[in-house]
Structures are given as C-alpha cells and as structure tokens.
$ cat work-v2.cif   # mmCIF, C-alpha atoms
data_final
#
loop_
_atom_site.group_PDB
_atom_site.id
_atom_site.type_symbol
_atom_site.label_atom_id
_atom_site.label_comp_id
_atom_site.auth_asym_id
_atom_site.auth_seq_id
_atom_site.Cartn_x
_atom_site.Cartn_y
_atom_site.Cartn_z
ATOM 1 C CA MET A 701 0.000 0.000 0.000
ATOM 2 C CA GLU A 702 2.882 2.349 0.768
ATOM 3 C CA GLU A 703 4.252 1.818 -2.741
ATOM 4 C CA ARG A 704 0.897 2.598 -4.357
ATOM 5 C CA TYR A 705 0.636 5.709 -2.230
ATOM 6 C CA SER A 706 4.111 6.871 -3.189
ATOM 7 C CA LEU A 707 3.457 6.279 -6.882
ATOM 8 C CA SER A 708 0.192 8.209 -6.798
ATOM 9 C CA LEU A 709 1.830 11.126 -5.012
ATOM 10 C CA GLY A 710 4.636 11.256 -7.553
ATOM 11 C CA ARG A 711 2.167 11.684 -10.389
ATOM 12 C CA ILE A 712 0.088 14.171 -8.403
ATOM 13 C CA ARG A 713 3.171 16.320 -7.781
ATOM 14 C CA GLU A 714 3.777 16.431 -11.524
ATOM 15 C CA LEU A 715 0.189 17.526 -12.109
ATOM 16 C CA ALA A 716 0.450 20.272 -9.517
ATOM 17 C CA GLU A 717 3.415 21.741 -11.386
ATOM 18 C CA ASN A 718 2.101 21.186 -14.894
ATOM 19 C CA PRO A 719 -1.400 19.762 -15.413
ATOM 20 C CA GLU A 720 -0.774 19.204 -19.141
ATOM 21 C CA ILE A 721 -4.468 19.616 -19.821
ATOM 22 C CA ALA A 722 -6.320 22.257 -21.778
ATOM 23 C CA ALA A 723 -8.351 25.071 -20.246
ATOM 24 C CA PRO A 724 -10.725 25.250 -18.518
ATOM 25 C CA TYR A 725 -9.805 21.974 -16.818
ATOM 26 C CA ASP A 726 -6.205 22.916 -16.029
ATOM 27 C CA ASP A 727 -7.149 25.083 -13.043
ATOM 28 C CA TYR A 728 -9.419 22.390 -11.601
ATOM 29 C CA PHE A 729 -6.828 19.623 -11.786
ATOM 30 C CA ARG A 730 -4.058 21.858 -10.468
ATOM 31 C CA GLN A 731 -6.193 22.803 -7.474
ATOM 32 C CA MET A 732 -7.155 19.194 -6.829
ATOM 33 C CA ALA A 733 -3.523 18.088 -7.047
ATOM 34 C CA LEU A 734 -2.458 20.793 -4.598
ATOM 35 C CA PHE A 735 -5.246 19.746 -2.239
ATOM 36 C CA LEU A 736 -4.150 16.093 -2.335
ATOM 37 C CA LEU A 737 -0.559 17.100 -1.642
ATOM 38 C CA LYS A 738 -1.826 19.077 1.339
ATOM 39 C CA MET A 739 -3.568 15.909 2.505
ATOM 40 C CA ASP A 740 -0.284 14.047 2.307
ATOM 41 C CA GLY A 741 1.323 16.791 4.376
ATOM 42 C CA LEU A 742 -1.424 16.382 6.960
ATOM 43 C CA TYR A 743 -1.126 12.589 6.920
ATOM 44 C CA GLN A 744 2.647 12.750 7.480
ATOM 45 C CA TRP A 745 2.266 15.424 10.164
ATOM 46 C CA VAL A 746 -0.183 13.312 12.160
ATOM 47 C CA LYS A 747 1.835 10.142 11.549
ATOM 48 C CA GLY A 748 4.923 11.852 12.935
ATOM 49 C CA GLY A 749 3.144 12.582 16.220
ATOM 50 C CA HIS A 750 3.254 16.343 15.719
ATOM 51 C CA MET A 751 -0.451 16.826 16.382
ATOM 52 C CA LYS A 752 0.012 15.830 20.023
ATOM 53 C CA GLU A 753 2.737 18.441 20.455
ATOM 54 C CA ALA A 754 1.133 21.248 18.443
ATOM 55 C CA SER A 755 -0.154 24.415 20.042
ATOM 56 C CA ARG A 756 -3.836 25.211 19.988
ATOM 57 C CA GLU A 757 -3.097 28.051 17.567
ATOM 58 C CA THR A 758 -1.407 25.619 15.167
ATOM 59 C CA LEU A 759 -4.321 23.200 15.357
ATOM 60 C CA GLU A 760 -6.800 26.019 14.761
ATOM 61 C CA GLY A 761 -4.739 27.115 11.770
ATOM 62 C CA TRP A 762 -4.838 23.645 10.247
ATOM 63 C CA ASN A 763 -8.571 23.409 10.862
ATOM 64 C CA GLU A 764 -9.312 26.754 9.238
ATOM 65 C CA ASP A 765 -7.090 25.994 6.261
ATOM 66 C CA LEU A 766 -8.697 22.592 5.676
ATOM 67 C CA TYR A 767 -12.248 23.915 5.709
ATOM 68 C CA LYS A 768 -11.979 27.479 4.400
ATOM 69 C CA ASP A 769 -12.707 26.369 0.826
ATOM 70 C CA ILE A 770 -16.266 25.380 1.734
ATOM 71 C CA MET A 771 -17.008 28.191 4.177
ATOM 72 C CA PRO A 772 -19.475 30.863 3.008
ATOM 73 C CA LEU A 773 -16.772 33.437 2.271
ATOM 74 C CA HIS A 774 -15.043 31.140 -0.243
ATOM 75 C CA TYR A 775 -17.760 28.687 -1.283
ATOM 76 C CA GLU A 776 -18.981 30.850 -4.165
ATOM 77 C CA CYS A 777 -15.597 30.335 -5.849
ATOM 78 C CA SER A 778 -15.021 26.715 -4.821
ATOM 79 C CA TYR A 779 -15.211 23.634 -7.024
ATOM 80 C CA ALA A 780 -17.138 22.065 -4.140
ATOM 81 C CA ASN A 781 -19.954 24.399 -5.203
ATOM 82 C CA PRO A 782 -21.726 22.696 -8.154
ATOM 83 C CA ASP A 783 -22.938 26.049 -9.520
ATOM 84 C CA PHE A 784 -19.415 27.472 -9.621
ATOM 85 C CA SER A 785 -18.049 24.238 -11.042
ATOM 86 C CA VAL A 786 -20.634 24.290 -13.848
ATOM 87 C CA ALA A 787 -19.873 27.948 -14.572
ATOM 88 C CA MET A 788 -16.153 27.181 -14.877
ATOM 89 C CA LEU A 789 -16.168 23.696 -16.414
ATOM 90 C CA GLY A 790 -19.461 23.576 -18.277
ATOM 91 C CA ASP A 791 -22.717 21.793 -17.629
ATOM 92 C CA GLN A 792 -21.462 18.435 -18.903
ATOM 93 C CA PHE A 793 -18.490 17.999 -16.563
ATOM 94 C CA GLY A 794 -19.035 20.664 -13.898
ATOM 95 C CA ARG A 795 -21.329 18.706 -11.607
ATOM 96 C CA ILE A 796 -19.518 15.401 -11.755
ATOM 97 C CA LEU A 797 -16.121 17.013 -11.146
ATOM 98 C CA SER A 798 -17.636 18.905 -8.213
ATOM 99 C CA LEU A 799 -18.829 15.548 -6.866
ATOM 100 C CA LEU A 800 -15.301 14.211 -7.270
ATOM 101 C CA TYR A 801 -13.901 17.091 -5.236
ATOM 102 C CA THR A 802 -16.378 16.564 -2.399
ATOM 103 C CA GLU A 803 -15.356 12.900 -2.345
ATOM 104 C CA LEU A 804 -11.664 13.830 -2.305
ATOM 105 C CA ARG A 805 -12.320 16.061 0.691
ATOM 106 C CA GLY A 806 -12.918 12.869 2.652
ATOM 107 C CA GLU A 807 -9.132 12.600 2.742
ATOM 108 C CA ILE A 808 -9.148 15.151 5.562
ATOM 109 C CA VAL A 809 -10.553 12.705 8.100
ATOM 110 C CA TYR A 810 -8.714 9.759 6.541
ATOM 111 C CA ALA A 811 -5.449 11.621 7.125
ATOM 112 C CA TYR A 812 -6.346 12.264 10.763
ATOM 113 C CA GLU A 813 -7.364 8.638 11.272
ATOM 114 C CA GLN A 814 -4.279 7.411 9.353
ATOM 115 C CA ARG A 815 -6.375 5.357 6.935
ATOM 116 C CA LEU A 816 -3.804 4.915 4.201
ATOM 117 C CA PHE A 817 -5.948 2.604 2.075
ATOM 118 C CA ASN A 818 -8.644 5.260 1.722
ATOM 119 C CA LEU A 819 -6.066 7.885 0.768
ATOM 120 C CA VAL A 820 -4.594 5.598 -1.878
ATOM 121 C CA ILE A 821 -7.842 4.692 -3.611
ATOM 122 C CA LEU A 822 -9.007 8.311 -3.745
ATOM 123 C CA ASN A 823 -5.670 9.434 -5.175
ATOM 124 C CA GLU A 824 -5.926 6.723 -7.800
ATOM 125 C CA LEU A 825 -9.502 7.696 -8.663
ATOM 126 C CA PHE A 826 -8.381 11.287 -9.180
ATOM 127 C CA LEU A 827 -5.579 10.163 -11.492
ATOM 128 C CA GLU A 828 -7.939 7.916 -13.441
ATOM 129 C CA VAL A 829 -10.387 10.767 -14.029
ATOM 130 C CA TYR A 830 -7.499 13.033 -14.994
ATOM 131 C CA SER A 831 -6.307 10.529 -17.605
ATOM 132 C CA ILE A 832 -9.804 10.537 -19.144
ATOM 133 C CA MET A 833 -10.148 14.317 -19.096
ATOM 134 C CA LYS A 834 -6.708 14.765 -20.625
ATOM 135 C CA ASP A 835 -8.012 13.376 -23.914
ATOM 136 C CA GLU A 836 -8.700 15.918 -26.649
ATOM 137 C CA ASN A 837 -12.389 14.944 -26.547
ATOM 138 C CA PRO A 838 -12.997 13.674 -23.002
ATOM 139 C CA SER A 839 -15.891 11.291 -22.512
ATOM 140 C CA TYR A 840 -18.468 12.115 -19.853
ATOM 141 C CA ARG A 841 -19.574 8.489 -19.895
ATOM 142 C CA GLN A 842 -16.055 7.315 -19.066
ATOM 143 C CA VAL A 843 -15.744 9.767 -16.176
ATOM 144 C CA LYS A 844 -19.119 8.688 -14.816
ATOM 145 C CA GLU A 845 -18.183 5.018 -15.151
ATOM 146 C CA ALA A 846 -14.822 5.576 -13.441
ATOM 147 C CA ILE A 847 -16.575 7.044 -10.409
ATOM 148 C CA TYR A 848 -19.310 4.400 -10.488
ATOM 149 C CA TRP A 849 -16.819 1.541 -10.625
ATOM 150 C CA PHE A 850 -14.740 3.162 -7.893
ATOM 151 C CA PHE A 851 -17.733 2.939 -5.556
ATOM 152 C CA SER A 852 -18.645 -0.527 -6.807
ATOM 153 C CA ASP A 853 -15.173 -2.085 -6.772
ATOM 154 C CA TYR A 854 -14.346 -0.895 -3.267
ATOM 155 C CA SER A 855 -17.825 -1.229 -1.789
ATOM 156 C CA GLU A 856 -17.033 -4.537 -0.082
ATOM 157 C CA VAL A 857 -14.139 -2.949 1.789
ATOM 158 C CA THR A 858 -15.692 0.432 2.516
ATOM 159 C CA VAL A 859 -19.058 -0.992 3.555
ATOM 160 C CA ARG A 860 -17.269 -3.414 5.879
ATOM 161 C CA GLU A 861 -15.361 -0.458 7.338
ATOM 162 C CA ARG A 862 -18.572 1.491 7.849
ATOM 163 C CA ILE A 863 -20.348 -1.431 9.479
ATOM 164 C CA GLY A 864 -17.314 -1.964 11.689
ATOM 165 C CA GLU A 865 -17.502 1.654 12.831
ATOM 166 C CA GLN A 866 -21.127 1.129 13.845
ATOM 167 C CA PHE A 867 -20.801 -2.222 15.614
ATOM 168 C CA ASP A 868 -17.179 -2.735 16.668
ATOM 169 C CA LYS A 869 -16.302 -1.217 20.033
ATOM 170 C CA GLU A 870 -12.611 -2.081 19.664
ATOM 171 C CA GLY A 871 -10.231 0.498 18.242
ATOM 172 C CA ASN A 872 -12.986 3.086 17.936
ATOM 173 C CA TYR A 873 -11.395 6.389 16.949
ATOM 174 C CA ALA A 874 -13.830 8.678 18.745
ATOM 175 C CA ILE A 875 -13.996 6.586 21.913
ATOM 176 C CA GLU A 876 -10.208 6.790 22.152
ATOM 177 C CA ILE A 877 -10.575 10.577 22.207
ATOM 178 C CA ILE A 878 -13.525 10.581 24.616
ATOM 179 C CA MET A 879 -12.028 8.196 27.155
ATOM 180 C CA ASN A 880 -8.319 9.022 26.978
ATOM 181 C CA ALA A 881 -7.933 12.691 26.056
ATOM 182 C CA ASP A 882 -7.360 15.426 28.609
ATOM 183 C CA LEU A 883 -10.742 17.096 28.169
ATOM 184 C CA THR A 884 -9.603 20.201 30.040
ATOM 185 C CA ASP A 885 -7.161 20.842 27.184
ATOM 186 C CA LEU A 886 -9.367 21.912 24.287
ATOM 187 C CA ARG A 887 -6.743 20.900 21.758
ATOM 188 C CA TYR A 888 -8.438 17.502 21.859
ATOM 189 C CA LEU A 889 -11.313 18.903 19.763
ATOM 190 C CA TYR A 890 -9.092 19.120 16.696
ATOM 191 C CA ALA A 891 -8.100 15.446 16.831
ATOM 192 C CA TYR A 892 -11.401 14.524 15.169
ATOM 193 C CA GLY A 893 -10.466 16.227 11.913
ATOM 194 C CA GLU A 894 -13.918 17.814 11.785
ATOM 195 C CA TYR A 895 -14.603 21.528 11.440
ATOM 196 C CA ILE A 896 -14.368 23.146 14.869
ATOM 197 C CA SER A 897 -16.291 26.369 15.369
ATOM 198 C CA GLU A 898 -16.995 28.561 18.380
ATOM 199 C CA ASN A 899 -19.998 26.309 19.066
ATOM 200 C CA GLU A 900 -17.821 23.266 19.805
ATOM 201 C CA ILE A 901 -15.368 25.333 21.834
ATOM 202 C CA LYS A 902 -18.102 26.973 23.928
ATOM 203 C CA MET A 903 -19.800 23.618 24.497
ATOM 204 C CA ALA A 904 -16.556 22.028 25.723
ATOM 205 C CA GLU A 905 -15.878 25.020 27.970
ATOM 206 C CA TYR A 906 -19.381 24.759 29.411
ATOM 207 C CA MET A 907 -18.978 21.041 30.083
ATOM 208 C CA ASN A 908 -15.692 21.732 31.852
ATOM 209 C CA SER A 909 -17.403 24.320 34.063
ATOM 210 C CA LEU A 910 -19.793 21.728 35.525
ATOM 211 C CA SER A 911 -19.175 19.723 38.675
ATOM 212 C CA GLU A 912 -18.744 15.963 38.639
ATOM 213 C CA GLU A 913 -22.197 15.616 40.185
ATOM 214 C CA GLN A 914 -23.777 17.759 37.471
ATOM 215 C CA ILE A 915 -22.067 15.748 34.746
ATOM 216 C CA HIS A 916 -23.229 12.520 36.376
ATOM 217 C CA ASP A 917 -26.809 13.760 36.562
ATOM 218 C CA LEU A 918 -26.854 14.961 32.952
ATOM 219 C CA ALA A 919 -25.605 11.608 31.707
ATOM 220 C CA PHE A 920 -27.920 9.683 34.031
ATOM 221 C CA THR A 921 -30.947 11.522 32.653
ATOM 222 C CA TYR A 922 -30.667 9.699 29.363
ATOM 223 C CA THR A 923 -28.795 6.521 30.306
ATOM 224 C CA ASP A 924 -31.455 5.723 32.890
ATOM 225 C CA GLY A 925 -34.158 6.876 30.488
ATOM 226 C CA TYR A 926 -32.755 4.454 27.934
ATOM 227 C CA ARG A 927 -32.823 1.601 30.458
ATOM 228 C CA GLU A 928 -36.293 2.538 31.651
ATOM 229 C CA GLY A 929 -37.579 2.523 28.078
ATOM 230 C CA PHE A 930 -36.778 -1.174 27.788
ATOM 231 C CA SER A 931 -38.498 -1.841 31.097
ATOM 232 C CA VAL A 932 -41.661 0.028 30.070
ATOM 233 C CA MET A 933 -41.804 -1.883 26.781
ATOM 234 C CA GLY A 934 -41.294 -5.182 28.575
ATOM 235 C CA ILE A 935 -38.059 -5.899 26.694
ATOM 236 C CA ASP A 936 -35.182 -7.689 28.399
ATOM 237 C CA ILE A 937 -32.261 -5.244 28.149
ATOM 238 C CA SER A 938 -29.816 -7.956 29.243
ATOM 239 C CA LYS A 939 -30.016 -9.381 25.728
ATOM 240 C CA LYS A 940 -28.667 -6.156 24.288
ATOM 241 C CA ARG A 941 -24.910 -5.862 23.887
ATOM 242 C CA LEU A 942 -24.265 -2.454 22.316
ATOM 243 C CA VAL A 943 -25.665 1.040 22.584
ATOM 244 C CA GLU A 944 -25.005 3.778 20.038
ATOM 245 C CA ILE A 945 -24.437 7.362 21.137
ATOM 246 C CA ARG A 946 -24.800 10.295 18.761
ATOM 247 C CA TYR A 947 -23.519 13.642 19.927
ATOM 248 C CA GLN A 948 -22.237 17.086 19.065
ATOM 249 C CA ILE A 949 -18.467 17.469 19.344
ATOM 250 C CA GLY A 950 -17.739 19.402 22.530
ATOM 251 C CA MET A 951 -19.925 17.196 24.750
ATOM 252 C CA GLU A 952 -17.183 14.645 25.456
ATOM 253 C CA ARG A 953 -17.101 15.084 29.219
ATOM 254 C CA MET A 954 -20.749 14.082 29.523
ATOM 255 C CA ILE A 955 -20.382 11.343 26.897
ATOM 256 C CA ARG A 956 -17.462 9.848 28.854
ATOM 257 C CA GLU A 957 -19.682 9.600 31.919
ATOM 258 C CA ALA A 958 -22.523 8.117 29.856
ATOM 259 C CA ILE A 959 -20.218 5.424 28.496
ATOM 260 C CA LYS A 960 -19.262 4.494 32.067
ATOM 261 C CA GLN A 961 -22.902 4.384 33.123
ATOM 262 C CA PHE A 962 -23.875 2.192 30.189
ATOM 263 C CA LYS A 963 -20.958 -0.101 31.029
ATOM 264 C CA ALA A 964 -22.353 -0.438 34.553
ATOM 265 C CA ILE A 965 -25.491 -2.019 33.079
ATOM 266 C CA ASN A 966 -23.405 -4.274 30.799
ATOM 267 C CA LEU A 967 -23.735 -2.221 27.629
ATOM 268 C CA ASP A 968 -20.720 -1.362 25.501
ATOM 269 C CA THR A 969 -20.857 1.881 23.551
ATOM 270 C CA VAL A 970 -20.170 2.561 19.892
ATOM 271 C CA VAL A 971 -19.895 6.003 18.351
ATOM 272 C CA TYR A 972 -19.130 6.754 14.744
ATOM 273 C CA ARG A 973 -18.480 9.697 12.504
ATOM 274 C CA ASN A 974 -21.083 11.142 10.190
ATOM 275 C CA ALA A 975 -20.271 9.569 6.807
ATOM 276 C CA VAL A 976 -17.770 11.456 4.669
ATOM 277 C CA SER A 977 -18.245 9.416 1.487
ATOM 278 C CA ALA A 978 -21.255 9.876 -0.773
ATOM 279 C CA MET A 979 -21.594 6.090 -0.718
ATOM 280 C CA HIS A 980 -22.563 6.046 2.951
ATOM 281 C CA ARG A 981 -24.329 9.366 3.544
ATOM 282 C CA ASN A 982 -27.803 9.182 5.011
ATOM 283 C CA PRO A 983 -30.319 11.012 2.782
ATOM 284 C CA LYS A 984 -32.272 11.961 5.911
ATOM 285 C CA GLY A 985 -29.402 14.001 7.303
ATOM 286 C CA ARG A 986 -26.204 13.722 9.284
ATOM 287 C CA VAL A 987 -25.959 10.683 11.555
ATOM 288 C CA GLY A 988 -23.248 9.939 14.090
ATOM 289 C CA TYR A 989 -21.054 12.408 15.938
ATOM 290 C CA VAL A 990 -21.033 15.770 14.224
ATOM 291 C CA SER A 991 -19.753 19.307 14.477
ATOM 292 C CA THR A 992 -21.164 22.563 13.177
ATOM 293 C CA SER A 993 -21.293 22.459 9.397
ATOM 294 C CA PRO A 994 -18.867 24.959 7.846
ATOM 295 C CA ASN A 995 -21.499 25.550 5.175
ATOM 296 C CA ARG A 996 -25.244 24.947 5.423
ATOM 297 C CA GLN A 997 -25.616 24.521 1.649
#

$ encode --input "work-v2.cif" --output "structure tokens"
Amino acid sequence: MEERYSLSLGRIRELAENPEIAAPYDDYFRQMALFLLKMDGLYQWVKGGHMKEASRETLEGWNEDLYKDIMPLHYECSYANPDFSVAMLGDQFGRILSLLYTELRGEIVYAYEQRLFNLVILNELFLEVYSIMKDENPSYRQVKEAIYWFFSDYSEVTVRERIGEQFDKEGNYAIEIIMNADLTDLRYLYAYGEYISENEIKMAEYMNSLSEEQIHDLAFTYTDGYREGFSVMGIDISKKRLVEIRYQIGMERMIREAIKQFKAINLDTVVYRNAVSAMHRNPKGRVGYVSTSPNRQ
C-alpha cells in the first residue's frame, strides 16, 4: 500500500506543477492536485506525532485551512460548489467534477485517522479521471463510469469499514478521544479532523465548568431513560450488547460519563463519525457524531 501511495503522489506532484491539460480543466486539476498534496502533508504530520505536540493556535490554523474552501466566504468560488463548477467547467463535466472534489475532501478525516488505504484509492480515482479528461475529446460516460466503478469495486471494503464503525467497540477512533484525552485541554477537539467552530469550543468550555455531580446527573438523565424505556416496553435489556451514542463534538465530558454508566449495566458503547463518502451518507441528514457544518448549503 505504501508503494501505491508513493506512486500516486509522484504523479500528483507532476500535475500540480504542470497539469498538461487544456483550459478550462487545467485550473481544476491543479487545485485538486495541490489539495491532495496538502492531505499528504497532513497525513505525514499526524503520523509523525506532531499533532500531540502542536499548540492550539497551530491546530486552529490547520482546521481553518482545511475547511476554508467550503465556508461561506469562499464557497462561491469553490469547485465544491456545483454552480461554480458548472460555470467554470461547463454543464457536462461541472457537476460530476464537483462531486469528485467533495469525495476527495474525505481525505481530511482519513489523514487524521491514518487510513492509508482510503487515501490511496481516492488518489488513484483522481488520477484515473485526470487521464480521461486529458483526452482531446474527453468522454463524460467514461468519467461517470470511473466514479461508479470506484464505488462498486471498493464497496465490499468500505461498507465493511462502515459497518465496523457502527458495531465494533474495539479500536474506535472517537472513543479513544472521549475516554483518553485530557478534556480540560481543548486541543483535543481538533483530533477529530472535523470543522471546529466557536460552538464546539463553547460547548466544551461549558462542560468543563460543571461539577462531577452535574455531569453525572446529565448523563444519568438519558442513560437511565434508555434503560427505563426497555423496562416500560417489557423488553429484556440484558439481551442487548451495544448502545449507540450520537452527539455534538464538545460534549465529550458528559459522553465519557454516559459510556461508564452504560458499562455499569453491561452495555458497551459505539460512536461513529457522520459519513464522509457519498456512498454512505444518510439522505435523511447527518448521523453519528457531528460538528457545526462549515457551510449549510
């Protein structure tokens, strides 16, 4: 996997310097290549352990840089915006290349979670689409099929990953943060790789201002309500093994206590990230642990 990653990065570096593709697509592919190189920089930075040593200002800087392209101030001129993409690249390719960019943006969380496989396959998808678009008369059908077969070919792996996130309590990325981070040090918020706004910061500060008794009571309100719900319905809760918690980033101190309380009634907890890939997104809205959206559109 390391070799595939290195090979993809080598080609992406060449594209960033010289896309070798006619306008108007040259700007798009140069920007995408630069973004993917930034993702490699992030991946290597996290891998090297620098995130744990970084100042809060550095972490905030990374967070702002990673998400500024889709924030309202910049979204109007971002290829993540289908309307802008169509205006720049034409109706035929604008929307599908915008979709590709939103999929590539999943590399942000994959870099934080050190999921090399996901980085590799997205890099390779980008290069495959580039090779199609480089043709003098690029085929929309081929681009569409490349993306379709990307989802299809890797569905067995990615669906297994997603199911594992929802049912496997071992090695859970978010639970590692919740249970092991120093929650009084708000740098922990940035370990998720999600957009962190004043909302998440203020929530974490509020949670830290509460006493242990208050935190216990807040968590007990819904852990006991959950248990009582089974009792009222006449369902034997002892047959249940897992409980899923969904929460807003910033609430970790209360969630930590809730996990302990669920454990006391023999329930293990799973938490998972709102899906970053179009393949797994819930059409009804965001599901899992979430932060404030950098853009409501």

$ closest_residue --input "work-v2.cif" --among "A:Thr884, A:Gln961, A:Asn974, A:Ser785" --to "Arg986 in chain A" --atoms "all atoms listed in the file"
A:Asn974

$ atom_distance --input "work-v2.cif" --atom1 "CA of Leu715 in chain A" --atom2 "CA of Leu734 in chain A"
8.6 Å

$ resolve_selection --input "work-v2.cif" --expression "the PyMOL selection byres ((chain A and resi 901) around 12)" --output "ChimeraX atom specification"
/A:756,760,883-890,895-900,902-908,948-952,991-992

$ residues_around --input "work-v2.cif" --residues "Met879 in chain A" --least-positions-apart "6" --cutoff "10 Å" --atoms "all atoms listed in the file" --output "ChimeraX atom specification"
/A:952-953,955-957,959-960

$ write_last_selection --input "work-v2.cif" --atoms "C-alpha atoms" --output "mmCIF file, in the frame of the given file"
data_model
loop_
_atom_site.group_PDB
_atom_site.id
_atom_site.type_symbol
_atom_site.label_atom_id
_atom_site.label_comp_id
_atom_site.auth_asym_id
_atom_site.auth_seq_id
_atom_site.Cartn_x
_atom_site.Cartn_y
_atom_site.Cartn_z
ATOM 1 C CA GLU A 952 -17.183 14.645 25.456
ATOM 2 C CA ARG A 953 -17.101 15.084 29.219
ATOM 3 C CA ILE A 955 -20.382 11.343 26.897
ATOM 4 C CA ARG A 956 -17.462 9.848 28.854
ATOM 5 C CA GLU A 957 -19.682 9.600 31.919
ATOM 6 C CA ILE A 959 -20.218 5.424 28.496
ATOM 7 C CA LYS A 960 -19.262 4.494 32.067
#

$ atom_distance --input "work-v2.cif" --atom1 "CA of Tyr830 in chain A" --atom2 "CA of Ser993 in chain A"
29.6 Å

$ atom_distance --input "work-v2.cif" --atom1 "CA of Glu913 in chain A" --atom2 "CA of Asp968 in chain A"
22.5 Å

$ closest_residue --input "work-v2.cif" --among "A:Ile721, A:Tyr705, A:Phe793, A:Glu807" --to "Leu766 in chain A" --atoms "all atoms listed in the file"
A:Glu807

$ closest_residue --input "work-v2.cif" --among "A:Ala846, A:Ala723, A:Cys777, A:Ile832" --to "Gly790 in chain A" --atoms "only C-alpha atoms"
A:Ala723

$ resolve_selection --input "work-v2.cif" --expression "the PyMOL selection byres ((chain A and resi 716) around 12)" --output "ChimeraX atom specification"
/A:709-715,717-721,726-738,827

$ residues_around --input "work-v2.cif" --residues "Arg941 in chain A" --least-positions-apart "6" --cutoff "9 Å" --atoms "all atoms listed in the file" --output "VMD selection string"
chain A and resid 966 to 969

$ closest_residue --input "work-v2.cif" --among "A:Glu912, A:Glu944, A:Ile875, A:Thr802" --to "Ile770 in chain A" --atoms "only C-alpha atoms"
A:Thr802

$ closest_residue --input "work-v2.cif" --among "A:Ala881, A:Ala811, A:Phe962, A:Met954" --to "Tyr926 in chain A" --atoms "only C-alpha atoms"
A:Phe962
